[in-house]
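Structure below is query08.cif: mmCIF, C-alpha atoms.
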```cif
data_data
loop_
_atom_site.label_atom_id
_atom_site.label_comp_id
_atom_site.auth_asym_id
_atom_site.auth_seq_id
_atom_site.Cartn_x
_atom_site.Cartn_y
_atom_site.Cartn_z
CA MET A 116 143.30 -15.78 90.45
CA LEU A 117 142.14 -14.06 87.29
CA SER A 118 142.50 -17.18 85.14
CA GLY A 119 140.78 -19.27 87.81
CA SER A 120 137.67 -17.08 87.84
CA PHE A 121 137.58 -16.31 84.13
CA TRP A 122 135.89 -19.47 82.84
CA PRO A 123 133.29 -19.69 85.63
CA SER A 124 132.39 -16.05 84.94
CA ILE A 125 132.06 -16.76 81.23
CA CYS A 126 129.87 -19.80 81.93
CA ALA A 127 127.69 -17.81 84.33
CA PHE A 128 127.33 -14.99 81.80
CA ALA A 129 126.43 -17.44 79.05
CA GLY A 130 123.85 -19.13 81.28
CA VAL A 131 122.23 -15.83 82.18
CA LEU A 132 122.25 -14.76 78.52
CA PHE A 133 120.65 -17.98 77.29
CA ALA A 134 118.05 -17.84 80.08
CA ALA A 135 117.21 -14.22 79.17
CA ILE A 136 116.88 -15.17 75.49
CA ALA A 137 114.60 -18.10 76.37
CA ILE A 138 112.43 -15.91 78.61
CA ILE A 139 112.16 -13.18 75.97
CA ASP A 140 111.34 -15.71 73.27
CA PHE A 141 108.68 -17.37 75.43
CA THR A 142 107.18 -14.00 76.41
CA THR A 143 107.07 -12.93 72.76
CA TYR A 144 105.37 -16.19 71.77
CA VAL A 145 102.76 -15.89 74.54
CA ALA A 146 102.11 -12.23 73.69
CA ALA A 147 101.67 -13.06 69.98
CA ARG A 148 99.25 -15.90 70.74
CA TYR A 149 97.28 -13.73 73.17
CA ARG A 150 97.11 -10.89 70.62
CA GLU A 151 95.89 -13.29 67.93
CA ARG A 152 93.20 -14.72 70.21
CA TYR A 153 92.21 -11.25 71.45
CA LEU A 154 91.78 -9.94 67.89
CA GLU A 155 89.78 -12.99 66.85
CA GLU A 156 87.37 -12.68 69.78
CA ALA A 157 87.08 -8.91 69.34
CA ARG A 158 86.36 -9.37 65.62
CA THR A 159 83.55 -11.80 66.45
CA GLU A 160 82.06 -9.45 69.03
CA LEU A 161 82.18 -6.53 66.60
CA ASP A 162 80.44 -8.61 63.92
CA ASP A 163 77.75 -9.61 66.42
CA ILE A 164 76.79 -6.00 67.09
CA LEU A 165 77.47 -4.85 63.49
CA ILE A 166 80.15 -2.27 64.34
CA GLN A 167 82.40 -1.69 61.36
CA ILE A 168 85.78 -0.97 62.97
CA PRO A 169 88.99 -3.04 62.84
CA ALA A 170 89.51 -5.46 65.70
CA SER A 171 92.99 -4.04 66.20
CA ARG A 172 91.38 -0.72 67.13
CA VAL A 173 89.76 -2.43 70.14
CA LEU A 174 93.19 -3.65 71.25
CA ASP A 175 94.58 -0.13 70.85
CA ILE A 176 91.73 1.26 72.97
CA SER A 177 92.38 -1.38 75.66
CA ILE A 178 96.06 -0.43 75.77
CA ALA A 179 95.09 3.24 75.93
CA PHE A 180 92.75 2.52 78.85
CA SER A 181 95.58 0.75 80.69
CA ALA A 182 98.00 3.62 80.01
CA VAL A 183 95.50 6.19 81.26
CA GLY A 184 94.90 4.08 84.37
CA VAL A 185 98.63 3.91 85.09
CA VAL A 186 99.10 7.68 84.64
CA VAL A 187 96.02 8.68 86.65
CA SER A 188 96.69 6.26 89.51
CA THR A 189 100.33 7.35 89.71
CA LEU A 190 99.37 11.04 89.77
CA VAL A 191 96.67 10.49 92.40
CA MET A 192 98.95 8.46 94.66
CA THR A 193 101.80 10.94 94.25
CA LEU A 194 99.67 14.02 94.94
CA SER A 195 97.69 12.51 97.82
CA ALA A 196 100.71 11.45 99.87
CA GLU A 197 103.89 13.29 100.77
CA LYS A 198 106.00 10.16 100.80
CA ILE A 199 105.14 7.00 98.94
CA SER A 200 107.26 3.97 98.17
CA VAL A 201 108.11 2.84 94.67
CA GLN A 202 106.66 -0.61 95.39
CA THR A 203 103.29 0.91 96.24
CA LEU A 204 103.27 2.93 93.03
CA ILE A 205 104.15 -0.14 90.96
CA VAL A 206 101.45 -2.29 92.60
CA VAL A 207 98.76 0.39 92.20
CA ALA A 208 99.77 1.15 88.61
CA LEU A 209 99.78 -2.53 87.56
CA THR A 210 96.45 -3.11 89.30
CA SER A 211 94.90 -0.14 87.49
CA ALA A 212 96.25 -1.34 84.15
CA CYS A 213 94.94 -4.89 84.67
CA VAL A 214 91.51 -3.62 85.76
CA LEU A 215 91.07 -1.16 82.86
CA PHE A 216 92.51 -3.32 80.06
CA PRO A 217 89.39 -5.53 79.55
CA VAL A 218 86.93 -2.59 79.83
CA PRO A 219 86.42 -2.19 76.02
CA ARG A 220 85.66 -5.92 75.70
CA PHE A 221 83.19 -5.68 78.57
CA ILE A 222 81.50 -2.77 76.79
CA LEU A 223 81.21 -4.83 73.59
CA ARG A 224 79.70 -7.76 75.49
CA TYR A 225 77.25 -5.44 77.24
CA LEU A 226 76.19 -3.97 73.89
CA LYS A 227 75.74 -7.48 72.50
CA ILE A 228 73.58 -8.59 75.44
CA ARG A 229 71.48 -5.41 75.28
CA ARG A 230 71.03 -5.83 71.53
CA LEU A 231 70.01 -9.47 71.95
CA ASN A 232 67.49 -8.61 74.66
CA LYS A 233 66.00 -5.89 72.47
CA PHE A 234 65.82 -8.31 69.54
CA SER A 235 64.03 -10.92 71.68
CA THR A 236 61.50 -8.30 72.78
CA GLN A 237 60.81 -7.27 69.17
CA LEU A 238 60.67 -10.84 67.85
CA GLU A 239 57.09 -11.39 69.00
CA ASP A 240 55.85 -8.47 66.88
CA ALA A 241 57.84 -9.78 63.91
CA LEU A 242 56.21 -13.20 64.18
CA ASN A 243 52.76 -11.64 64.36
CA MET A 244 53.63 -9.57 61.30
CA ILE A 245 54.82 -12.65 59.39
CA SER A 246 51.72 -14.59 60.42
CA GLY A 247 49.47 -11.74 59.25
CA ALA A 248 51.29 -11.53 55.93
CA LEU A 249 50.91 -15.28 55.38
CA LYS A 250 47.19 -15.05 56.10
CA ALA A 251 46.97 -12.26 53.50
CA GLY A 252 48.38 -14.61 50.84
CA PHE A 253 52.05 -13.66 50.88
CA SER A 254 54.79 -16.27 50.61
CA ILE A 255 57.21 -16.82 53.46
CA ASN A 256 59.97 -14.95 51.62
CA GLN A 257 57.69 -11.97 51.00
CA ALA A 258 56.60 -12.02 54.65
CA LEU A 259 60.22 -11.92 55.76
CA GLU A 260 60.87 -8.99 53.42
CA GLU A 261 57.95 -7.14 55.00
CA VAL A 262 59.68 -7.40 58.36
CA ALA A 263 63.02 -6.38 56.83
CA ASP A 264 61.48 -3.24 55.32
CA GLN A 265 60.33 -1.98 58.71
CA ASP A 266 62.38 0.61 60.57
CA ILE A 267 62.80 -1.41 63.77
CA HIS A 268 66.36 -1.69 65.01
CA PRO A 269 67.92 -4.25 65.45
CA LEU A 270 65.13 -6.56 64.26
CA SER A 271 64.88 -5.19 60.71
CA VAL A 272 68.67 -5.19 60.29
CA GLU A 273 68.92 -8.90 61.06
CA PHE A 274 65.97 -9.80 58.85
CA ARG A 275 67.46 -7.66 56.08
CA LEU A 276 70.62 -9.76 56.25
CA LEU A 277 68.43 -12.86 56.16
CA THR A 278 66.56 -11.77 53.03
CA GLN A 279 69.80 -10.75 51.32
CA GLU A 280 71.19 -14.25 51.79
CA ILE A 281 67.99 -15.72 50.32
CA ARG A 282 68.26 -13.43 47.29
CA LEU A 283 71.83 -14.61 46.75
CA GLY A 284 70.60 -18.19 46.38
CA VAL A 285 70.90 -19.52 49.93
CA SER A 286 68.04 -21.78 50.93
CA LEU A 287 65.61 -20.52 53.54
CA GLU A 288 66.56 -23.24 56.02
CA GLN A 289 70.28 -22.50 55.65
CA ALA A 290 69.71 -18.75 55.92
CA LEU A 291 67.69 -19.24 59.11
CA ASP A 292 70.40 -21.49 60.52
CA ASN A 293 73.06 -18.87 59.69
CA MET A 294 71.02 -16.15 61.39
CA SER A 295 70.48 -18.37 64.43
CA ARG A 296 74.22 -18.99 64.80
CA ARG A 297 74.97 -15.30 64.30
CA LEU A 298 72.51 -14.13 66.94
CA GLU A 299 72.97 -16.99 69.43
CA SER A 300 69.38 -16.40 70.50
CA GLU A 301 67.37 -19.29 71.89
CA ASP A 302 64.12 -17.53 70.93
CA PHE A 303 65.08 -17.18 67.28
CA GLU A 304 66.47 -20.72 67.23
CA LEU A 305 63.00 -21.86 68.23
CA VAL A 306 61.54 -19.78 65.40
CA ALA A 307 63.98 -21.22 62.86
CA VAL A 308 63.22 -24.79 63.93
CA ALA A 309 59.47 -24.13 63.80
CA ILE A 310 59.62 -22.68 60.27
CA SER A 311 61.89 -25.44 58.95
CA THR A 312 59.74 -28.18 60.52
CA ALA A 313 56.48 -26.70 59.22
CA ARG A 314 57.89 -26.44 55.69
CA LYS A 315 59.16 -30.03 55.72
CA THR A 316 56.03 -31.59 57.25
CA GLY A 317 53.52 -29.38 55.46
CA GLY A 318 52.07 -27.99 58.68
CA GLU A 319 50.12 -24.75 58.95
CA LEU A 320 52.82 -22.13 59.36
CA THR A 321 50.54 -19.28 60.49
CA SER A 322 49.21 -21.09 63.56
CA THR A 323 52.71 -22.38 64.35
CA LEU A 324 54.14 -18.88 64.32
CA SER A 325 51.28 -17.61 66.48
CA ARG A 326 51.98 -20.28 69.11
CA VAL A 327 55.70 -19.56 68.99
CA ALA A 328 55.00 -15.83 69.42
CA GLY A 329 52.92 -16.58 72.50
CA LEU A 330 55.69 -18.79 73.90
CA ILE A 331 58.31 -16.09 73.33
CA ARG A 332 56.06 -13.48 74.95
CA GLU A 333 55.73 -15.67 78.02
CA ARG A 334 59.47 -16.35 78.17
CA VAL A 335 60.27 -12.62 77.94
CA ARG A 336 57.76 -11.89 80.73
CA ILE A 337 59.23 -14.56 83.00
CA ALA A 338 62.81 -13.45 82.21
CA GLN A 339 61.99 -9.85 83.14
CA LYS A 340 60.33 -10.99 86.36
CA VAL A 341 63.33 -13.16 87.29
CA ARG A 342 65.67 -10.28 86.52
CA ALA A 343 63.68 -8.01 88.83
CA LEU A 344 63.71 -10.60 91.62
CA THR A 345 67.48 -11.15 91.35
CA ALA A 346 68.37 -7.44 91.12
CA MET A 347 69.26 -7.32 94.82
CA GLY A 348 71.60 -10.29 94.43
CA ARG A 349 73.42 -8.64 91.52
CA LEU A 350 73.76 -5.43 93.52
CA GLN A 351 75.17 -7.41 96.45
CA ALA A 352 77.74 -8.99 94.11
CA ILE A 353 78.87 -5.55 92.96
CA MET A 354 79.04 -4.17 96.50
CA ILE A 355 80.95 -7.19 97.81
CA GLY A 356 83.36 -6.97 94.88
CA LEU A 357 84.08 -3.28 95.47
CA MET A 358 84.14 -3.33 99.28
CA PRO A 359 87.77 -4.52 99.79
CA TYR A 360 89.13 -1.86 97.46
CA LEU A 361 86.96 0.88 98.99
CA LEU A 362 88.17 -0.13 102.44
CA LEU A 363 91.76 -0.10 101.19
CA LEU A 364 91.26 3.39 99.74
CA GLY A 365 89.69 4.61 102.99
CA MET A 366 92.53 3.18 105.07
CA TYR A 367 95.04 4.82 102.75
CA HIS A 368 93.49 8.24 103.38
CA VAL A 369 93.41 7.58 107.13
CA SER A 370 96.93 6.18 107.44
CA PRO A 371 99.06 6.40 104.26
CA THR A 372 102.18 5.27 106.12
CA LEU A 373 100.53 2.01 107.16
CA ILE A 374 99.41 1.19 103.60
CA ASN A 375 102.84 2.10 102.17
CA SER A 376 104.46 -0.26 104.65
CA PHE A 377 101.94 -2.93 103.73
CA PHE A 378 102.73 -2.69 100.01
CA SER A 379 106.47 -2.50 100.65
CA THR A 380 106.62 -6.08 101.94
CA PRO A 381 106.30 -9.28 99.89
CA ALA A 382 103.64 -10.55 102.30
CA GLY A 383 101.49 -7.48 101.63
CA ILE A 384 101.77 -7.83 97.86
CA ILE A 385 100.97 -11.55 98.01
CA GLY A 386 98.05 -10.80 100.32
CA LEU A 387 96.67 -8.23 97.84
CA ILE A 388 96.93 -10.76 95.00
CA LEU A 389 95.16 -13.43 97.05
CA VAL A 390 92.42 -11.00 98.09
CA THR A 391 91.90 -9.98 94.47
CA ILE A 392 91.63 -13.59 93.31
CA MET A 393 89.19 -14.49 96.10
CA ASP A 394 87.19 -11.31 95.52
CA VAL A 395 86.78 -12.02 91.81
CA ALA A 396 85.88 -15.65 92.53
CA GLY A 397 83.23 -14.57 95.04
CA PHE A 398 81.80 -12.03 92.61
CA LEU A 399 81.54 -14.59 89.82
CA TRP A 400 80.03 -17.17 92.19
CA ILE A 401 77.30 -14.78 93.33
CA ARG A 402 76.57 -13.80 89.73
CA LYS A 403 76.29 -17.49 88.82
CA ILE A 404 73.82 -18.06 91.66
CA THR A 405 71.65 -15.08 90.67
CA LYS A 406 71.70 -15.95 86.96
CA ILE A 407 68.67 -18.14 86.31
CA GLU A 408 68.05 -19.53 82.84
CA VAL A 409 64.47 -19.25 81.63
#
```

Write-out of the structure in structure tokens:
Amino acid sequence: MLSGSFWPSICAFAGVLFAAIAIIDFTTYVAARYRERYLEEARTELDDILIQIPASRVLDISIAFSAVGVVVSTLVMTLSAEKISVQTLIVVALTSACVLFPVPRFILRYLKIRRLNKFSTQLEDALNMISGALKAGFSINQALEEVADQDIHPLSVEFRLLTQEIRLGVSLEQALDNMSRRLESEDFELVAVAISTARKTGGELTSTLSRVAGLIRERVRIAQKVRALTAMGRLQAIMIGLMPYLLLLGMYHVSPTLINSFFSTPAGIIGLILVTIMDVAGFLWIRKITKIEV
């Protein structure tokens, strides 16, 4: 009997071992690729908002957020209920970790959007300043340096980088193109195209910049008006996104036994995953509807 079951046992053990090695190798490969992509995107976002910290620090902060979420959610669930299943703790802890992990990246993107909006608001004054300097007899490079010397953040910082590239020998058109790609601002892209076209065709740059400033002022006004009109839609997206989880939290305080039983079954866990996916999809869909390009 022993010899008859020996070789099948060895084959089964070898199969399980090879499968475990393949799964570990694949997981390691996916984790390494994700880490590489995460660091690359975080490095780009840090460069966009001119924060001088390593991209790996953002990953460390994300992991710390997830760890804190796991600890806090576990403590809250343990202290708020006398008896709680291990499955419920695992589901809540993993959900908290997944929700809190991308928070630092969201903060970086929010800072980038806020910085870009502030730059677009200040760009009109910069164009008027450049136009006035050109009328006073300054060259375009000197006019740009006048803007860079002002203490207006983030406008002066970006123009300072622009003038530094020009001093290093980069052509004005290339420096403007580099700044346009760095900012990803449609307003400044319009400015860069207007300056390059006026220099190539010999057009009057002062009047061109004045018209562009008026166009940017009108775009900013319309964008602010659209944002005010769609504020209710954005608030509805946030409320709809949070409502299922608030209801789940309320039901847990009313009947912890019912929620523990719900999370203890595969159907409950699958239902929570499906609800989360549909909730996120609905939130993104509403945000897409309320986001109007000007």

Subject >> Spatial neighbours of segment 396-403 of chain A, max dist 6 Å, all atoms listed in the file, sep filter under 3 positions, as an MDAnalysis selection string >> reply: chainID A and resid 352 356 393 406

Subject >> Pick from A:Gln202, A:Leu387, A:Leu161, A:Ser211, whichever lies nearest to Ser181 of chain A using only C-alpha atoms >> reply: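 Checking each of A:Gln202, A:Leu387, A:Leu161, A:Ser211 against Ser181 of chain A, counting only C-alpha atoms, the winner is A:Ser211.
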
**OP:** Would you mind reading off the distance between atom CA of Ser246 of chain A and atom CA of Val335 of chain A, one decimal, in Å?
**Re:**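 Here the two named atoms are 19.6 Å from each other.
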
**OP:** Check the smallest atom-to-atom distance from each of A:Val285, A:Ile178, A:Leu320, A:Leu190 to Ile245 of chain A using all atoms listed in the file, then report the winner.
**Re:**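 With all atoms listed in the file as the atom set, the closest residue is A:Leu320.
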
Original post:
What is the atom CA of Glu319 of chain A to atom CA of Ala338 of chain A distance in Å?
Top reply: 28.8 Å

Subject >> Answer key for the PyMOL selection byres ((chain A and resi 164) around 9), residues as a list in words >> reply: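 Taken over the shown coordinates, the PyMOL selection byres ((chain A and resi 164) around 9) returns Thr159, Glu160, Leu161, Asp162, Asp163, Leu165, Ile166, Leu223, Leu226, Lys227 and Arg230 of chain A.
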
Original post:
Neighbours of segment 357-373 of chain A within 12 Å (all atoms listed in the file; same-chain residues fewer than 3 positions away dropped), as an NGL selection string?
Top reply: :A and (188 or 191-200 or 203 or 207 or 210-211 or 350-354 or 376-380 or 383 or 387 or 389-395 or 397-398)

**OP:** Would you work out the distance separating atom CA of Asp140 of chain A from atom CA of Pro217 of chain A, expressed in Å to one decimal?
**Re:**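 Separation of atom CA of Asp140 of chain A and atom CA of Pro217 of chain A: 25.0 Å.
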
Once the PyMOL selection byres ((chain A and resi 328) around 8) is applied to the coordinates I shared, what remains selected? I want it as an mmCIF file with C-alpha atoms, in the frame of the given file.
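Result file result04.cif:
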```
data_model
loop_
_atom_site.group_PDB
_atom_site.id
_atom_site.type_symbol
_atom_site.label_atom_id
_atom_site.label_comp_id
_atom_site.auth_asym_id
_atom_site.auth_seq_id
_atom_site.Cartn_x
_atom_site.Cartn_y
_atom_site.Cartn_z
ATOM 1 C CA LEU A 238 60.670 -10.840 67.850
ATOM 2 C CA GLU A 239 57.090 -11.390 69.000
ATOM 3 C CA ASP A 240 55.850 -8.470 66.880
ATOM 4 C CA LEU A 242 56.210 -13.200 64.180
ATOM 5 C CA ASN A 243 52.760 -11.640 64.360
ATOM 6 C CA LEU A 324 54.140 -18.880 64.320
ATOM 7 C CA SER A 325 51.280 -17.610 66.480
ATOM 8 C CA ARG A 326 51.980 -20.280 69.110
ATOM 9 C CA VAL A 327 55.700 -19.560 68.990
ATOM 10 C CA GLY A 329 52.920 -16.580 72.500
ATOM 11 C CA LEU A 330 55.690 -18.790 73.900
ATOM 12 C CA ILE A 331 58.310 -16.090 73.330
ATOM 13 C CA ARG A 332 56.060 -13.480 74.950
#
```

Original post:
Could you write out as a list in words the residues that the PyMOL selection byres ((chain A and resi 273) around 10) matches in the shown file?
Top reply: Leu165, Phe234, Val262, Ala263, His268, Pro269, Leu270, Ser271, Val272, Phe274, Arg275, Leu276, Leu277, Thr278, Gln279, Met294, Arg297 and Leu298 of chain A

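Between Val186 of chain A and the candidates A:Val173, A:Leu287, A:Ile355, A:Leu204, the tightest atom-to-atom separation, counting only C-alpha atoms, involves A:Leu204.
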
Please output segment 161-172 of chain A, rebuilt to include all heavy atoms, as a short mmCIF file (atom, residue, chain, number, x, y, z; two decimals), in the coordinates of the input.
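Listed below is the output, selection-v7.cif:
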```cif
data_model
loop_
_atom_site.label_atom_id
_atom_site.label_comp_id
_atom_site.auth_asym_id
_atom_site.auth_seq_id
_atom_site.Cartn_x
_atom_site.Cartn_y
_atom_site.Cartn_z
N LEU A 161 82.53 -7.67 67.44
CA LEU A 161 82.18 -6.53 66.60
C LEU A 161 81.19 -6.94 65.51
O LEU A 161 80.25 -6.19 65.18
CB LEU A 161 83.44 -5.93 65.96
CG LEU A 161 84.39 -5.18 66.91
CD1 LEU A 161 85.68 -4.83 66.18
CD2 LEU A 161 83.73 -3.93 67.44
N ASP A 162 81.39 -8.12 64.94
CA ASP A 162 80.44 -8.61 63.92
C ASP A 162 79.07 -8.88 64.53
O ASP A 162 78.04 -8.67 63.87
CB ASP A 162 80.98 -9.89 63.28
CG ASP A 162 82.21 -9.63 62.42
OD1 ASP A 162 82.41 -8.47 62.01
OD2 ASP A 162 82.98 -10.58 62.17
N ASP A 163 79.03 -9.31 65.78
CA ASP A 163 77.75 -9.61 66.42
C ASP A 163 76.91 -8.36 66.61
O ASP A 163 75.67 -8.41 66.52
CB ASP A 163 77.98 -10.29 67.77
CG ASP A 163 78.52 -11.70 67.62
OD1 ASP A 163 78.31 -12.29 66.53
OD2 ASP A 163 79.14 -12.21 68.56
N ILE A 164 77.55 -7.23 66.88
CA ILE A 164 76.79 -6.00 67.09
C ILE A 164 76.88 -5.07 65.89
O ILE A 164 76.46 -3.91 65.96
CB ILE A 164 77.27 -5.27 68.36
CG1 ILE A 164 78.77 -4.95 68.26
CG2 ILE A 164 76.99 -6.10 69.59
CD1 ILE A 164 79.29 -4.20 69.47
N LEU A 165 77.44 -5.58 64.76
CA LEU A 165 77.47 -4.85 63.49
C LEU A 165 78.16 -3.50 63.61
O LEU A 165 77.68 -2.47 63.10
CB LEU A 165 76.04 -4.66 62.95
CG LEU A 165 75.24 -5.96 62.71
CD1 LEU A 165 73.85 -5.62 62.20
CD2 LEU A 165 75.96 -6.88 61.76
N ILE A 166 79.32 -3.47 64.27
CA ILE A 166 80.15 -2.27 64.34
C ILE A 166 81.31 -2.45 63.37
O ILE A 166 82.10 -3.39 63.52
CB ILE A 166 80.65 -2.01 65.76
CG1 ILE A 166 79.47 -1.72 66.70
CG2 ILE A 166 81.64 -0.86 65.79
CD1 ILE A 166 79.89 -1.43 68.12
N GLN A 167 81.42 -1.55 62.42
CA GLN A 167 82.40 -1.69 61.36
C GLN A 167 83.69 -0.94 61.73
O GLN A 167 83.98 0.13 61.20
CB GLN A 167 81.83 -1.15 60.03
CG GLN A 167 80.57 -1.85 59.57
CD GLN A 167 80.80 -3.33 59.29
OE1 GLN A 167 81.87 -3.71 58.80
NE2 GLN A 167 79.81 -4.15 59.60
N ILE A 168 84.46 -1.50 62.66
CA ILE A 168 85.78 -0.97 62.97
C ILE A 168 86.75 -2.16 63.05
O ILE A 168 86.33 -3.28 63.34
CB ILE A 168 85.80 -0.18 64.29
CG1 ILE A 168 85.44 -1.07 65.47
CG2 ILE A 168 84.89 1.04 64.21
CD1 ILE A 168 85.60 -0.38 66.81
N PRO A 169 88.03 -1.93 62.76
CA PRO A 169 88.99 -3.04 62.84
C PRO A 169 89.12 -3.56 64.26
O PRO A 169 89.02 -2.80 65.23
CB PRO A 169 90.31 -2.41 62.35
CG PRO A 169 89.90 -1.18 61.62
CD PRO A 169 88.65 -0.69 62.26
N ALA A 170 89.34 -4.87 64.37
CA ALA A 170 89.51 -5.46 65.70
C ALA A 170 90.76 -4.95 66.38
O ALA A 170 90.81 -4.86 67.62
CB ALA A 170 89.55 -6.99 65.58
N SER A 171 91.77 -4.57 65.59
CA SER A 171 92.99 -4.04 66.20
C SER A 171 92.74 -2.71 66.90
O SER A 171 93.46 -2.36 67.84
CB SER A 171 94.07 -3.85 65.12
OG SER A 171 93.61 -3.00 64.09
N ARG A 172 91.71 -1.98 66.47
CA ARG A 172 91.38 -0.72 67.13
C ARG A 172 90.90 -0.98 68.57
O ARG A 172 91.17 -0.17 69.47
CB ARG A 172 90.31 0.02 66.34
CG ARG A 172 90.01 1.42 66.83
CD ARG A 172 91.22 2.32 66.68
NE ARG A 172 91.69 2.35 65.32
CZ ARG A 172 91.18 3.13 64.36
NH1 ARG A 172 90.19 3.95 64.65
NH2 ARG A 172 91.69 3.11 63.15
#
```
